[in-house]
Amino acid sequence: MDTTCPTVRSLVVLDSEGRRIAVKYFAPEWATVSSQANFEKSLFAKTSRTNARGEAEIIMFDDYLVVYKCLGDLMFYVTGSLSENELILYSALQAFYEATSTLLRQQVDKKTVLENLDLLLLVMDEIVDGGLILETDPQTVAARVTMRGADGEVPITEQTFSQAFASAKEHSARSLLK
């Protein structure tokens, strides 16, 4: 992997009791479920007593840089190597929780997230792929997850016949008015 590209080691969402809600690991040291569970347990033990509700917190933990924030009854974590830029990890975290909050209409709690787990996993996939940070703009991430274009339109390949017909009618009306 190119060492100049910003990378993430993991994206983790835990509930207020430290139980796993959703995770994505991109590092070989967390290849087994038991190593992931041990990391999550010790990470939650370290961060559960801090107040990261207003702003994100940054800690060095087990030779990793961890940026985290509490939103509702959930803890969002982004983990990187010690040599990674904290601001880049913070921007990935911010995109992570803001896109999630936007998609869930500001109702970010354990019950709502579990009911919409597919959206949370898609947000994770849109932000990071294979450890590489792809996107840090929460509005772009939310639009991609809902499969809407930057202008709010549904792509032509995803439209129903009536939506496509209405879109074509609108475009032809605009071109006639010019």
# chains A, B, ... in the order shown; residues from 1 in each chain; ligands from 1
$ residues_around --residues "range 133-140 of chain A" --least-positions-apart "5" --cutoff "12 Å" --atoms "only C-alpha atoms" --output "JSON, numbers by chain"
{"A": [4, 5, 6, 7, 8, 9, 10, 11, 26, 78, 79, 80, 84, 87, 88, 89, 90, 91, 92, 93, 94, 95, 96, 97, 98, 99, 100, 101, 102, 103, 123, 124, 125, 126, 127, 128, 145, 146, 147, 148, 149, 150, 151, 152]}
$ residues_around --residues "Ile21 in chain A" --least-positions-apart "6" --cutoff "10 Å" --atoms "only C-alpha atoms" --output "MDAnalysis selection string"
chainID A and resid 12:15 74:76 110 113:114 117 120
$ select_by_dssp --residues "range 26-143 of chain A" --states "strand (DSSP E or B)" --output "VMD selection string"
chain A and resid 57 to 61 64 to 71 74 to 81 128 to 129 132 to 133
$ write_last_selection --atoms "N, CA, C and O atoms" --output "mmCIF file, in the first residue's frame"
data_model
loop_
_atom_site.group_PDB
_atom_site.id
_atom_site.type_symbol
_atom_site.label_atom_id
_atom_site.label_comp_id
_atom_site.auth_asym_id
_atom_site.auth_seq_id
_atom_site.Cartn_x
_atom_site.Cartn_y
_atom_site.Cartn_z
ATOM 1 N N GLU A 57 -12.320 13.253 20.767
ATOM 2 C CA GLU A 57 -11.109 13.086 21.578
ATOM 3 C C GLU A 57 -10.103 12.270 20.785
ATOM 4 O O GLU A 57 -10.479 11.418 19.972
ATOM 5 N N ILE A 58 -8.830 12.523 21.057
ATOM 6 C CA ILE A 58 -7.748 11.784 20.406
ATOM 7 C C ILE A 58 -6.881 11.177 21.496
ATOM 8 O O ILE A 58 -6.462 11.875 22.427
ATOM 9 N N ILE A 59 -6.627 9.863 21.385
ATOM 10 C CA ILE A 59 -5.749 9.202 22.344
ATOM 11 C C ILE A 59 -4.769 8.302 21.599
ATOM 12 O O ILE A 59 -5.020 7.897 20.464
ATOM 13 N N MET A 60 -3.644 8.022 22.255
ATOM 14 C CA MET A 60 -2.723 6.986 21.773
ATOM 15 C C MET A 60 -3.013 5.762 22.622
ATOM 16 O O MET A 60 -2.982 5.823 23.849
ATOM 17 N N PHE A 61 -3.317 4.664 21.942
ATOM 18 C CA PHE A 61 -3.753 3.464 22.644
ATOM 19 C C PHE A 61 -3.184 2.242 21.946
ATOM 20 O O PHE A 61 -3.427 2.023 20.761
ATOM 21 N N TYR A 64 -1.554 2.694 18.635
ATOM 22 C CA TYR A 64 -2.468 3.215 17.618
ATOM 23 C C TYR A 64 -2.938 4.598 18.030
ATOM 24 O O TYR A 64 -2.963 4.932 19.213
ATOM 25 N N LEU A 65 -3.323 5.348 17.041
ATOM 26 C CA LEU A 65 -3.936 6.645 17.269
ATOM 27 C C LEU A 65 -5.442 6.446 17.114
ATOM 28 O O LEU A 65 -5.896 5.938 16.089
ATOM 29 N N VAL A 66 -6.208 6.810 18.132
ATOM 30 C CA VAL A 66 -7.647 6.591 18.119
ATOM 31 C C VAL A 66 -8.344 7.936 18.271
ATOM 32 O O VAL A 66 -8.065 8.691 19.195
ATOM 33 N N VAL A 67 -9.247 8.217 17.343
ATOM 34 C CA VAL A 67 -10.094 9.404 17.415
ATOM 35 C C VAL A 67 -11.507 8.887 17.646
ATOM 36 O O VAL A 67 -11.953 7.982 16.938
ATOM 37 N N TYR A 68 -12.191 9.436 18.643
ATOM 38 C CA TYR A 68 -13.510 8.904 18.959
ATOM 39 C C TYR A 68 -14.444 10.002 19.426
ATOM 40 O O TYR A 68 -14.025 11.083 19.830
ATOM 41 N N LYS A 69 -15.730 9.697 19.342
ATOM 42 C CA LYS A 69 -16.766 10.631 19.769
ATOM 43 C C LYS A 69 -17.999 9.841 20.170
ATOM 44 O O LYS A 69 -18.326 8.837 19.558
ATOM 45 N N CYS A 70 -18.682 10.329 21.177
ATOM 46 C CA CYS A 70 -19.932 9.725 21.625
ATOM 47 C C CYS A 70 -21.083 10.494 20.992
ATOM 48 O O CYS A 70 -21.102 11.723 21.014
ATOM 49 N N LEU A 71 -21.995 9.765 20.400
ATOM 50 C CA LEU A 71 -23.175 10.368 19.787
ATOM 51 C C LEU A 71 -24.380 9.558 20.247
ATOM 52 O O LEU A 71 -24.512 8.392 19.894
ATOM 53 N N LEU A 74 -24.068 5.794 21.577
ATOM 54 C CA LEU A 74 -23.078 5.075 20.772
ATOM 55 C C LEU A 74 -21.734 5.778 20.806
ATOM 56 O O LEU A 74 -21.660 6.999 20.939
ATOM 57 N N MET A 75 -20.685 4.987 20.669
ATOM 58 C CA MET A 75 -19.322 5.513 20.571
ATOM 59 C C MET A 75 -18.789 5.192 19.171
ATOM 60 O O MET A 75 -18.808 4.029 18.758
ATOM 61 N N PHE A 76 -18.341 6.210 18.461
ATOM 62 C CA PHE A 76 -17.768 6.059 17.127
ATOM 63 C C PHE A 76 -16.256 6.192 17.244
ATOM 64 O O PHE A 76 -15.767 7.165 17.824
ATOM 65 N N TYR A 77 -15.522 5.229 16.680
ATOM 66 C CA TYR A 77 -14.067 5.223 16.743
ATOM 67 C C TYR A 77 -13.470 5.111 15.341
ATOM 68 O O TYR A 77 -13.975 4.343 14.515
ATOM 69 N N VAL A 78 -12.385 5.847 15.123
ATOM 70 C CA VAL A 78 -11.560 5.678 13.926
ATOM 71 C C VAL A 78 -10.134 5.478 14.424
ATOM 72 O O VAL A 78 -9.619 6.281 15.201
ATOM 73 N N THR A 79 -9.515 4.402 13.988
ATOM 74 C CA THR A 79 -8.180 4.046 14.451
ATOM 75 C C THR A 79 -7.189 4.108 13.305
ATOM 76 O O THR A 79 -7.486 3.657 12.200
ATOM 77 N N GLY A 80 -6.019 4.670 13.583
ATOM 78 C CA GLY A 80 -4.950 4.728 12.592
ATOM 79 C C GLY A 80 -3.618 4.433 13.243
ATOM 80 O O GLY A 80 -3.529 4.269 14.471
ATOM 81 N N SER A 81 -2.586 4.391 12.441
ATOM 82 C CA SER A 81 -1.247 4.153 12.993
ATOM 83 C C SER A 81 -0.758 5.431 13.678
ATOM 84 O O SER A 81 -1.300 6.515 13.467
ATOM 85 N N VAL A 128 -14.305 4.557 3.842
ATOM 86 C CA VAL A 128 -13.035 3.827 3.822
ATOM 87 C C VAL A 128 -13.195 2.540 3.026
ATOM 88 O O VAL A 128 -14.171 1.814 3.195
ATOM 89 N N ASP A 129 -12.231 2.271 2.162
ATOM 90 C CA ASP A 129 -12.216 1.019 1.405
ATOM 91 C C ASP A 129 -10.831 0.410 1.511
ATOM 92 O O ASP A 129 -9.856 1.020 1.066
ATOM 93 N N LEU A 132 -8.062 2.618 2.967
ATOM 94 C CA LEU A 132 -7.825 3.931 2.352
ATOM 95 C C LEU A 132 -9.042 4.821 2.534
ATOM 96 O O LEU A 132 -10.173 4.398 2.292
ATOM 97 N N ILE A 133 -8.807 6.056 2.935
ATOM 98 C CA ILE A 133 -9.890 7.008 3.097
ATOM 99 C C ILE A 133 -10.288 7.512 1.717
ATOM 100 O O ILE A 133 -9.476 8.073 0.989
#
$ select_by_dssp --residues "range 70-109 of chain A" --states "helix (DSSP H, G or I)" --output "PyMOL selection string"
chain A and resi 86-103
$ atom_distance --atom1 "CA of Leu122 in chain A" --atom2 "CA of Gln36 in chain A"
20.5 Å
$ closest_residue --among "A:Ala143, A:Ala37, A:Val108, A:Ala45" --to "Asp73 in chain A" --atoms "only C-alpha atoms"
A:Val108
$ atom_distance --atom1 "CA of Val141 in chain A" --atom2 "CA of Asn116 in chain A"
15.7 Å
